[in-house]
file final-v6.csv (CSV, C-alpha atoms)
chain,number,residue,atom,x,y,z
A,188,ASP,CA,44.6,-39.6,24.1
A,189,ALA,CA,44.2,-36.4,22.2
A,190,GLY,CA,47.8,-35.3,22.8
A,191,ILE,CA,47.0,-32.7,25.4
A,192,THR,CA,49.6,-31.7,28.1
A,193,GLN,CA,49.3,-29.2,30.8
A,194,SER,CA,52.1,-27.4,32.7
A,195,PRO,CA,52.8,-27.1,35.5
A,196,ARG,CA,50.9,-30.1,37.0
A,197,HIS,CA,51.1,-28.6,40.5
A,198,LYS,CA,51.7,-25.1,41.7
A,199,VAL,CA,51.6,-23.3,45.0
A,200,THR,CA,51.7,-19.5,44.9
A,201,GLU,CA,51.0,-16.6,47.1
A,202,THR,CA,48.1,-14.2,47.0
A,203,GLY,CA,48.7,-11.3,44.7
A,204,THR,CA,51.2,-13.0,42.4
A,205,PRO,CA,50.7,-13.6,38.7
A,206,VAL,CA,50.3,-17.2,37.5
A,207,THR,CA,50.3,-18.6,34.0
A,208,LEU,CA,49.1,-22.1,33.2
A,209,ARG,CA,49.9,-23.6,29.8
A,210,CYS,CA,48.0,-26.1,27.7
A,211,HIS,CA,49.6,-27.7,24.7
A,212,GLN,CA,48.0,-29.9,22.0
A,213,THR,CA,49.6,-31.8,19.2
A,214,GLU,CA,46.7,-32.4,16.8
A,215,ASN,CA,45.8,-28.9,15.5
A,216,HIS,CA,42.4,-28.7,16.9
A,217,ARG,CA,40.7,-25.3,16.4
A,218,TYR,CA,38.8,-25.2,19.7
A,219,MET,CA,40.5,-25.1,23.1
A,220,TYR,CA,39.0,-24.6,26.5
A,221,TRP,CA,40.0,-23.8,30.1
A,222,TYR,CA,37.8,-25.1,33.0
A,223,ARG,CA,38.1,-25.2,36.7
A,224,GLN,CA,36.8,-28.0,38.9
A,225,ASP,CA,35.6,-27.3,42.4
A,226,PRO,CA,33.6,-29.5,44.9
A,227,GLY,CA,29.9,-29.1,44.4
A,228,HIS,CA,30.3,-27.2,41.1
A,229,GLY,CA,31.4,-29.7,38.6
A,230,LEU,CA,33.4,-28.3,35.7
A,231,ARG,CA,32.9,-24.6,34.9
A,232,LEU,CA,34.1,-22.9,31.8
A,233,ILE,CA,36.6,-20.0,32.3
A,234,HIS,CA,37.5,-19.1,28.7
A,235,TYR,CA,37.6,-20.8,25.4
A,236,SER,CA,39.3,-20.2,22.0
A,237,TYR,CA,37.9,-20.8,18.5
A,238,GLY,CA,41.2,-20.0,16.7
A,239,VAL,CA,44.5,-18.2,17.0
A,240,LYS,CA,43.9,-14.9,18.7
A,241,ASP,CA,40.1,-15.6,18.9
A,242,THR,CA,38.8,-16.1,22.5
A,243,ASP,CA,35.6,-15.7,24.4
A,244,LYS,CA,34.5,-15.7,28.0
A,245,GLY,CA,32.9,-18.6,29.9
A,246,GLU,CA,30.8,-18.7,33.1
A,247,VAL,CA,33.6,-17.8,35.5
A,248,SER,CA,36.0,-15.5,33.6
A,249,ASP,CA,36.5,-12.8,36.2
A,250,GLY,CA,40.1,-12.6,37.3
A,251,TYR,CA,41.4,-14.7,34.4
A,252,SER,CA,42.8,-13.8,31.0
A,253,VAL,CA,43.8,-16.1,28.1
A,254,SER,CA,46.0,-15.9,25.1
A,255,ARG,CA,46.4,-18.1,22.0
A,256,SER,CA,49.2,-16.9,19.7
A,257,LYS,CA,49.6,-20.3,18.0
A,258,THR,CA,47.2,-23.2,17.4
A,259,GLU,CA,48.9,-25.6,19.7
A,260,ASP,CA,49.2,-23.4,22.9
A,261,PHE,CA,46.5,-21.9,25.0
A,262,LEU,CA,47.6,-19.9,28.1
A,263,LEU,CA,45.5,-19.1,31.1
A,264,THR,CA,46.8,-16.2,33.3
A,265,LEU,CA,45.7,-15.2,36.8
A,266,GLU,CA,46.9,-11.6,36.9
A,267,SER,CA,46.8,-11.4,40.7
A,268,ALA,CA,46.0,-14.8,42.3
A,269,THR,CA,43.4,-14.9,45.1
A,270,SER,CA,42.6,-17.8,47.5
A,271,SER,CA,39.2,-18.2,45.7
A,272,GLN,CA,41.2,-19.3,42.6
A,273,THR,CA,42.6,-22.4,44.4
A,274,SER,CA,41.3,-25.1,42.2
A,275,VAL,CA,42.0,-27.8,39.7
A,276,TYR,CA,42.3,-26.5,36.2
A,277,PHE,CA,41.6,-28.5,33.1
A,278,CYS,CA,42.3,-27.8,29.5
A,279,ALA,CA,40.3,-29.4,26.8
A,280,ILE,CA,40.0,-29.5,23.0
A,281,ARG,CA,37.0,-30.1,20.8
A,282,THR,CA,37.2,-32.5,17.9
A,283,GLY,CA,35.4,-32.0,14.6
A,284,GLU,CA,32.7,-34.4,15.8
A,285,GLY,CA,31.9,-32.3,18.8
A,286,GLU,CA,33.6,-34.5,21.4
A,287,GLN,CA,35.8,-32.9,24.1
A,288,TYR,CA,39.0,-34.4,25.3
A,289,PHE,CA,40.8,-33.2,28.5
A,290,GLY,CA,44.3,-32.8,29.7
A,291,PRO,CA,45.5,-34.2,33.0
A,292,GLY,CA,44.9,-31.1,35.0
A,293,THR,CA,46.8,-28.5,37.0
A,294,ARG,CA,46.3,-28.3,40.8
A,295,LEU,CA,46.8,-24.7,41.9
A,296,THR,CA,47.0,-23.7,45.5
A,297,VAL,CA,46.9,-20.0,46.4
A,298,THR,CA,48.1,-19.3,50.0
B,256,ASP,CA,20.9,-20.7,37.0
B,257,GLN,CA,22.0,-24.3,36.6
B,258,GLN,CA,21.3,-25.2,33.0
B,259,VAL,CA,22.5,-28.8,33.4
B,260,LYS,CA,21.6,-30.7,36.6
B,261,GLN,CA,22.6,-34.0,38.1
B,262,ASN,CA,20.4,-34.3,41.1
B,263,SER,CA,21.9,-37.5,42.5
B,264,PRO,CA,25.3,-36.8,44.0
B,265,SER,CA,26.0,-40.5,44.5
B,266,LEU,CA,24.8,-43.9,43.5
B,267,SER,CA,25.8,-47.4,44.6
B,268,VAL,CA,25.2,-50.5,42.5
B,269,GLN,CA,26.1,-54.2,42.8
B,270,GLU,CA,28.6,-55.6,40.3
B,271,GLY,CA,26.8,-57.0,37.3
B,272,ARG,CA,23.7,-55.0,37.7
B,273,ILE,CA,22.6,-51.9,35.7
B,274,SER,CA,23.7,-48.4,36.7
B,275,ILE,CA,21.5,-45.6,35.6
B,276,LEU,CA,22.8,-42.0,35.9
B,277,ASN,CA,20.4,-39.2,35.2
B,278,CYS,CA,20.8,-35.6,33.9
B,279,ASP,CA,18.3,-32.8,33.3
B,280,TYR,CA,18.7,-29.7,31.3
B,281,THR,CA,16.7,-26.5,31.0
B,282,ASN,CA,17.8,-25.0,27.7
B,283,SER,CA,15.9,-26.4,24.7
B,284,MET,CA,18.5,-25.0,22.4
B,285,PHE,CA,21.1,-27.6,23.4
B,286,ASP,CA,21.7,-29.9,20.5
B,287,TYR,CA,24.6,-32.2,21.6
B,288,PHE,CA,25.0,-34.1,24.9
B,289,LEU,CA,28.0,-35.9,26.3
B,290,TRP,CA,28.9,-38.1,29.2
B,291,TYR,CA,32.3,-38.2,30.9
B,292,LYS,CA,33.9,-40.4,33.5
B,293,LYS,CA,36.5,-39.0,36.0
B,294,TYR,CA,38.8,-40.8,38.2
B,295,PRO,CA,40.6,-38.9,41.1
B,296,ALA,CA,43.7,-36.9,40.0
B,297,GLU,CA,42.9,-37.4,36.3
B,298,GLY,CA,41.2,-35.4,33.6
B,299,PRO,CA,37.7,-36.3,32.6
B,300,THR,CA,37.5,-39.1,30.0
B,301,PHE,CA,34.9,-38.9,27.1
B,302,LEU,CA,32.5,-41.8,27.2
B,303,ILE,CA,29.6,-41.4,24.8
B,304,SER,CA,27.6,-38.6,23.2
B,305,ILE,CA,24.2,-38.1,21.5
B,306,SER,CA,22.9,-35.6,19.1
B,307,SER,CA,19.5,-34.0,19.7
B,308,ILE,CA,18.2,-35.7,16.5
B,309,LYS,CA,18.5,-39.1,18.1
B,310,ASP,CA,17.0,-40.6,21.2
B,311,LYS,CA,19.5,-43.4,21.8
B,312,ASN,CA,23.1,-44.1,21.3
B,313,GLU,CA,25.0,-47.3,22.2
B,314,ASP,CA,28.6,-48.1,22.6
B,315,GLY,CA,29.4,-51.4,24.2
B,316,ARG,CA,28.2,-51.5,27.8
B,317,PHE,CA,27.2,-47.8,27.7
B,318,THR,CA,23.9,-46.5,26.3
B,319,VAL,CA,22.7,-42.9,26.4
B,320,PHE,CA,19.0,-42.1,26.1
B,321,LEU,CA,17.7,-38.6,25.3
B,322,ASN,CA,14.1,-37.5,26.0
B,323,LYS,CA,13.8,-34.1,24.5
B,324,SER,CA,10.2,-33.4,25.6
B,325,ALA,CA,11.3,-34.0,29.2
B,326,LYS,CA,14.7,-32.4,28.7
B,327,HIS,CA,16.2,-35.4,30.3
B,328,LEU,CA,19.1,-37.8,29.4
B,329,SER,CA,20.3,-40.9,31.1
B,330,LEU,CA,23.4,-43.1,30.9
B,331,HIS,CA,22.9,-46.8,31.3
B,332,ILE,CA,25.9,-49.0,32.2
B,333,VAL,CA,25.3,-52.8,31.8
B,334,PRO,CA,26.7,-54.8,33.3
B,335,SER,CA,28.4,-52.6,35.9
B,336,GLN,CA,31.9,-53.4,36.9
B,337,PRO,CA,34.1,-52.3,39.9
B,338,GLY,CA,36.3,-50.3,37.5
B,339,ASP,CA,33.3,-48.2,36.6
B,340,SER,CA,33.5,-46.6,40.0
B,341,ALA,CA,34.1,-42.9,39.3
B,342,VAL,CA,32.4,-39.5,39.1
B,343,TYR,CA,30.2,-39.2,36.0
B,344,PHE,CA,29.5,-35.8,34.4
B,345,CYS,CA,26.9,-35.0,31.8
B,346,ALA,CA,27.5,-32.0,29.5
B,347,ALA,CA,25.5,-30.1,26.9
B,348,SER,CA,26.4,-27.8,24.1
B,349,GLY,CA,25.0,-25.9,21.1
B,350,ALA,CA,22.9,-23.2,22.8
B,351,SER,CA,23.4,-19.6,21.6
B,352,GLY,CA,25.1,-21.0,18.5
B,353,THR,CA,28.5,-21.4,20.2
B,354,TYR,CA,30.6,-24.4,21.1
B,355,LYS,CA,30.5,-23.8,24.8
B,356,TYR,CA,29.9,-26.8,27.0
B,357,ILE,CA,27.9,-26.7,30.2
B,358,PHE,CA,28.5,-29.4,32.7
B,359,GLY,CA,26.4,-30.9,35.5
B,360,THR,CA,27.9,-31.2,39.0
B,361,GLY,CA,28.5,-34.9,38.7
B,362,THR,CA,27.3,-38.2,40.2
B,363,ARG,CA,29.7,-40.4,42.1
B,364,LEU,CA,29.1,-44.1,41.1
B,365,LYS,CA,30.3,-46.9,43.4
B,366,VAL,CA,30.1,-50.4,42.0
B,367,LEU,CA,30.2,-52.9,44.8
B,368,ALA,CA,31.9,-56.2,44.2
call {"tool": "encode", "arguments": {"input": "final-v6.csv", "output": "structure tokens"}}
result
Amino acid sequence: DAGITQSPRHKVTETGTPVTLRCHQTENHRYMYWYRQDPGHGLRLIHYSYGVKDTDKGEVSDGYSVSRSKTEDFLLTLESATSSQTSVYFCAIRTGEGEQYFGPGTRLTVT
Amino acid sequence: DQQVKQNSPSLSVQEGRISILNCDYTNSMFDYFLWYKKYPAEGPTFLISISSIKDKNEDGRFTVFLNKSAKHLSLHIVPSQPGDSAVYFCAASGASGTYKYIFGTGTRLKVLA
């Protein structure tokens, strides 16, 4: 357990509304990641952060933005949610040894 | 372009026998490889990893083998137990000098009692 929590755990929202998912870690890891998991696609990287205010895009970043104003929190925002963003979202951290540990996930449904 | 591939979507194995899960990659710049197990409605759980300078790493019932010339890695589980039934993902990192991780699409393992 790497002390990673995600909120909310479940959310249903309407198309066109903004949504923010939060990832919180308690162990001061420098690297944090947001992934989405969809059937047939495995886990795909959306954005990641390598420090406070330092972020970079992943494979599927269109339609998503992130912010990291303090070490322990990494926020993922869908500015205007679409049905294609219905997915399970996972946050992860990277340890100094290169291992990644994941949070419990957020199931997002966009109707 | 799928840089990390798991070509077997599913695998069934008898309890007590060996489970072998395979993963292929295309980018020779990857220098670190990992395996994860995932149960439904939970986050992936880290299992075992291997650096590109090694060809084998063992942790209890789990062994990962890396064949760099073939760009292939495998996870061996011996002996397989019903509790090992889950989806297994391989991942690779280190290409382009970043700490981005690329995941395969997963293999669903079913261990039959």
call {"tool": "residues_around", "arguments": {"input": "final-v6.csv", "residues": "region 263-280 of chain B", "least_positions_apart": "2", "cutoff": "7 Å", "atoms": "only C-alpha atoms", "output": "list in words"}}
result
Gln258, Val259, Lys260, Gln261, Asn282, Lys326, His327, Leu328, Ser329, Leu330, His331, Ile332, Val333, Pro334, Ser335, Gln336, Pro337, Cys345, Gly361, Thr362, Arg363, Leu364, Lys365, Val366, Leu367 and Ala368 of chain B
call {"tool": "atom_distance", "arguments": {"input": "final-v6.csv", "atom1": "CA of Leu263 (chain A)", "atom2": "CA of Gln257 (chain B)"}}
result
24.7 Å
call {"tool": "atom_distance", "arguments": {"input": "final-v6.csv", "atom1": "CA of Met219 (chain A)", "atom2": "CA of Gly190 (chain A)"}}
result
12.5 Å
call {"tool": "interface_residues", "arguments": {"input": "final-v6.csv", "of": "chain A", "to": "chain B", "cutoff": "8 Å", "atoms": "only C-alpha atoms", "output": "number ranges by chain"}}
result
A: 227-232, 235, 245, 277, 285-292
call {"tool": "atom_distance", "arguments": {"input": "final-v6.csv", "atom1": "CA of Val319 (chain B)", "atom2": "CA of Ile305 (chain B)"}}
result
7.0 Å
